[in-house]
Amino acid sequence: MITKRLHIFIEYPIKDNVIQKYEQTMKHVLNIMKEIGAKEIKWTKTSYKKGITYYTESFFLPSESHYFALKKLRSSSRHQVFQELSECMDLKVGKIQYIGLKITS
């Protein structure tokens with residue numbers, strides 16, 4: 001039997017003046033992601049370029065439909081936790097980068 005899952009990477013800039021709020025919000029984000037099927041979640045500060053702090057999330061999802069549902073949820077202004085997360089992002093200096101790799105085993 002062939003099993004497909006997705007390895008997702010998300011990178012984005014965070015405003016320096018809200019890093020503590022961002023880190024608190026991410027605790028809630030990680031719980032929601034686990035509830036919708038994300039596995040092996042890793043979340044790290046990846047770089048600091050020209051005064052901008054970038055964070056990366058890495059995780060596995062069981063299917064493409066999970067990915068599209070998560071992406072829609074994360075971009076929703078109606079979901080309080082993801083709205084708080086988007087308020088922490090500094091989209092004037094960089095954008096959200098999504099990369100998905102299909103894993104077949």
# chains A, B, ... in the order shown; residues from 1 in each chain; ligands from 1

$ residues_around --residues "region 35-51 of chain A" --least-positions-apart "2" --cutoff "9 Å" --atoms "only C-alpha atoms" --output "list in words"
Glu11, Asp16, Met26, Leu30, Asn31, Ile32, Met33, Thr53, Tyr54, Tyr55, Thr56, Glu57, Ser58, Phe59, Phe60, Leu61, Pro62, His66 and Leu70 of chain A

$ residues_around --residues "Gly94 (chain A)" --least-positions-apart "5" --cutoff "10 Å" --atoms "only C-alpha atoms" --output "PyMOL selection string"
chain A and resi 11-14+52+54+89

$ atom_distance --atom1 "CA of Lys102 (chain A)" --atom2 "CA of His79 (chain A)"
27.6 Å

$ residues_around --residues "Ser63 (chain A)" --least-positions-apart "2" --cutoff "7 Å" --atoms "only C-alpha atoms" --output "VMD selection string"
chain A and resid 4 to 6 61 65 to 67

$ closest_residue --among "A:Tyr22, A:Val29, A:Ile8, A:Ser76" --to "Ile99 (chain A)" --atoms "only C-alpha atoms"
A:Ile8

$ atom_distance --atom1 "CA of Glu84 (chain A)" --atom2 "CA of His7 (chain A)"
24.7 Å

$ atom_distance --atom1 "CA of Lys72 (chain A)" --atom2 "CA of His28 (chain A)"
17.1 Å

$ closest_residue --among "A:Lys34, A:Cys88, A:Val81, A:Arg74" --to "Ile10 (chain A)" --atoms "only C-alpha atoms"
A:Arg74

$ select_by_dssp --residues "chain A" --states "alpha helix (DSSP H)" --output "VMD selection string"
chain A and resid 19 to 35 64 to 74 80 to 88

$ write_last_selection --atoms "N, CA and C atoms" --output "mmCIF file, in the first residue's frame"
data_model
loop_
_atom_site.group_PDB
_atom_site.id
_atom_site.type_symbol
_atom_site.label_atom_id
_atom_site.label_comp_id
_atom_site.auth_asym_id
_atom_site.auth_seq_id
_atom_site.Cartn_x
_atom_site.Cartn_y
_atom_site.Cartn_z
ATOM 1 N N ILE A 19 7.434 39.901 19.748
ATOM 2 C CA ILE A 19 7.935 38.526 19.763
ATOM 3 C C ILE A 19 7.386 37.750 20.961
ATOM 4 N N GLN A 20 7.301 38.362 22.122
ATOM 5 C CA GLN A 20 6.766 37.655 23.294
ATOM 6 C C GLN A 20 5.298 37.274 23.076
ATOM 7 N N LYS A 21 4.502 38.192 22.534
ATOM 8 C CA LYS A 21 3.098 37.897 22.227
ATOM 9 C C LYS A 21 3.011 36.777 21.188
ATOM 10 N N TYR A 22 3.865 36.851 20.182
ATOM 11 C CA TYR A 22 3.896 35.821 19.134
ATOM 12 C C TYR A 22 4.166 34.444 19.738
ATOM 13 N N GLU A 23 5.158 34.352 20.616
ATOM 14 C CA GLU A 23 5.508 33.065 21.200
ATOM 15 C C GLU A 23 4.366 32.513 22.063
ATOM 16 N N GLN A 24 3.636 33.368 22.752
ATOM 17 C CA GLN A 24 2.467 32.933 23.516
ATOM 18 C C GLN A 24 1.366 32.442 22.576
ATOM 19 N N THR A 25 1.140 33.183 21.493
ATOM 20 C CA THR A 25 0.113 32.806 20.518
ATOM 21 C C THR A 25 0.444 31.468 19.879
ATOM 22 N N MET A 26 1.726 31.223 19.619
ATOM 23 C CA MET A 26 2.124 29.968 18.976
ATOM 24 C C MET A 26 1.797 28.751 19.818
ATOM 25 N N LYS A 27 1.742 28.883 21.126
ATOM 26 C CA LYS A 27 1.348 27.751 21.972
ATOM 27 C C LYS A 27 -0.064 27.300 21.606
ATOM 28 N N HIS A 28 -0.946 28.260 21.353
ATOM 29 C CA HIS A 28 -2.320 27.944 20.959
ATOM 30 C C HIS A 28 -2.371 27.409 19.522
ATOM 31 N N VAL A 29 -1.564 28.000 18.648
ATOM 32 C CA VAL A 29 -1.510 27.559 17.245
ATOM 33 C C VAL A 29 -1.086 26.088 17.178
ATOM 34 N N LEU A 30 -0.066 25.728 17.929
ATOM 35 C CA LEU A 30 0.437 24.354 17.905
ATOM 36 C C LEU A 30 -0.624 23.370 18.378
ATOM 37 N N ASN A 31 -1.395 23.741 19.392
ATOM 38 C CA ASN A 31 -2.475 22.869 19.864
ATOM 39 C C ASN A 31 -3.534 22.671 18.785
ATOM 40 N N ILE A 32 -3.896 23.727 18.091
ATOM 41 C CA ILE A 32 -4.896 23.630 17.016
ATOM 42 C C ILE A 32 -4.370 22.756 15.886
ATOM 43 N N MET A 33 -3.106 22.937 15.539
ATOM 44 C CA MET A 33 -2.526 22.145 14.456
ATOM 45 C C MET A 33 -2.533 20.658 14.793
ATOM 46 N N LYS A 34 -2.242 20.321 16.051
ATOM 47 C CA LYS A 34 -2.291 18.915 16.476
ATOM 48 C C LYS A 34 -3.705 18.369 16.349
ATOM 49 N N GLU A 35 -4.692 19.188 16.714
ATOM 50 C CA GLU A 35 -6.092 18.760 16.651
ATOM 51 C C GLU A 35 -6.529 18.442 15.223
ATOM 52 N N GLU A 64 -3.386 16.245 1.185
ATOM 53 C CA GLU A 64 -3.486 17.580 0.605
ATOM 54 C C GLU A 64 -4.725 18.307 1.106
ATOM 55 N N SER A 65 -5.811 17.594 1.322
ATOM 56 C CA SER A 65 -7.023 18.252 1.821
ATOM 57 C C SER A 65 -6.783 18.842 3.208
ATOM 58 N N HIS A 66 -5.971 18.177 4.030
ATOM 59 C CA HIS A 66 -5.600 18.743 5.330
ATOM 60 C C HIS A 66 -4.810 20.036 5.142
ATOM 61 N N TYR A 67 -3.896 20.026 4.169
ATOM 62 C CA TYR A 67 -3.086 21.219 3.893
ATOM 63 C C TYR A 67 -3.969 22.406 3.488
ATOM 64 N N PHE A 68 -4.876 22.177 2.542
ATOM 65 C CA PHE A 68 -5.720 23.278 2.078
ATOM 66 C C PHE A 68 -6.647 23.778 3.178
ATOM 67 N N ALA A 69 -7.148 22.874 4.003
ATOM 68 C CA ALA A 69 -7.995 23.282 5.130
ATOM 69 C C ALA A 69 -7.199 24.102 6.137
ATOM 70 N N LEU A 70 -5.975 23.665 6.435
ATOM 71 C CA LEU A 70 -5.133 24.398 7.382
ATOM 72 C C LEU A 70 -4.762 25.770 6.838
ATOM 73 N N LYS A 71 -4.395 25.826 5.571
ATOM 74 C CA LYS A 71 -4.017 27.111 4.971
ATOM 75 C C LYS A 71 -5.201 28.082 4.991
ATOM 76 N N LYS A 72 -6.387 27.583 4.700
ATOM 77 C CA LYS A 72 -7.580 28.434 4.740
ATOM 78 C C LYS A 72 -7.850 28.917 6.164
ATOM 79 N N LEU A 73 -7.734 28.031 7.121
ATOM 80 C CA LEU A 73 -7.954 28.385 8.519
ATOM 81 C C LEU A 73 -6.938 29.424 8.990
ATOM 82 N N ARG A 74 -5.683 29.230 8.623
ATOM 83 C CA ARG A 74 -4.631 30.149 9.053
ATOM 84 C C ARG A 74 -4.780 31.534 8.443
ATOM 85 N N GLN A 80 -9.866 33.602 15.996
ATOM 86 C CA GLN A 80 -9.156 34.490 16.911
ATOM 87 C C GLN A 80 -7.664 34.192 17.012
ATOM 88 N N VAL A 81 -7.299 32.932 17.183
ATOM 89 C CA VAL A 81 -5.888 32.582 17.357
ATOM 90 C C VAL A 81 -5.079 32.924 16.111
ATOM 91 N N PHE A 82 -5.598 32.579 14.943
ATOM 92 C CA PHE A 82 -4.844 32.855 13.714
ATOM 93 C C PHE A 82 -4.874 34.342 13.361
ATOM 94 N N GLN A 83 -5.889 35.051 13.802
ATOM 95 C CA GLN A 83 -5.912 36.510 13.633
ATOM 96 C C GLN A 83 -4.807 37.134 14.483
ATOM 97 N N GLU A 84 -4.662 36.662 15.723
ATOM 98 C CA GLU A 84 -3.581 37.148 16.589
ATOM 99 C C GLU A 84 -2.215 36.840 15.979
ATOM 100 N N LEU A 85 -2.090 35.647 15.408
ATOM 101 C CA LEU A 85 -0.828 35.275 14.768
ATOM 102 C C LEU A 85 -0.515 36.212 13.608
ATOM 103 N N SER A 86 -1.489 36.486 12.771
ATOM 104 C CA SER A 86 -1.240 37.358 11.612
ATOM 105 C C SER A 86 -0.901 38.787 12.036
ATOM 106 N N GLU A 87 -1.427 39.231 13.169
ATOM 107 C CA GLU A 87 -1.102 40.570 13.668
ATOM 108 C C GLU A 87 0.355 40.674 14.106
ATOM 109 N N CYS A 88 0.971 39.560 14.434
ATOM 110 C CA CYS A 88 2.382 39.546 14.844
ATOM 111 C C CYS A 88 3.334 39.552 13.650
#
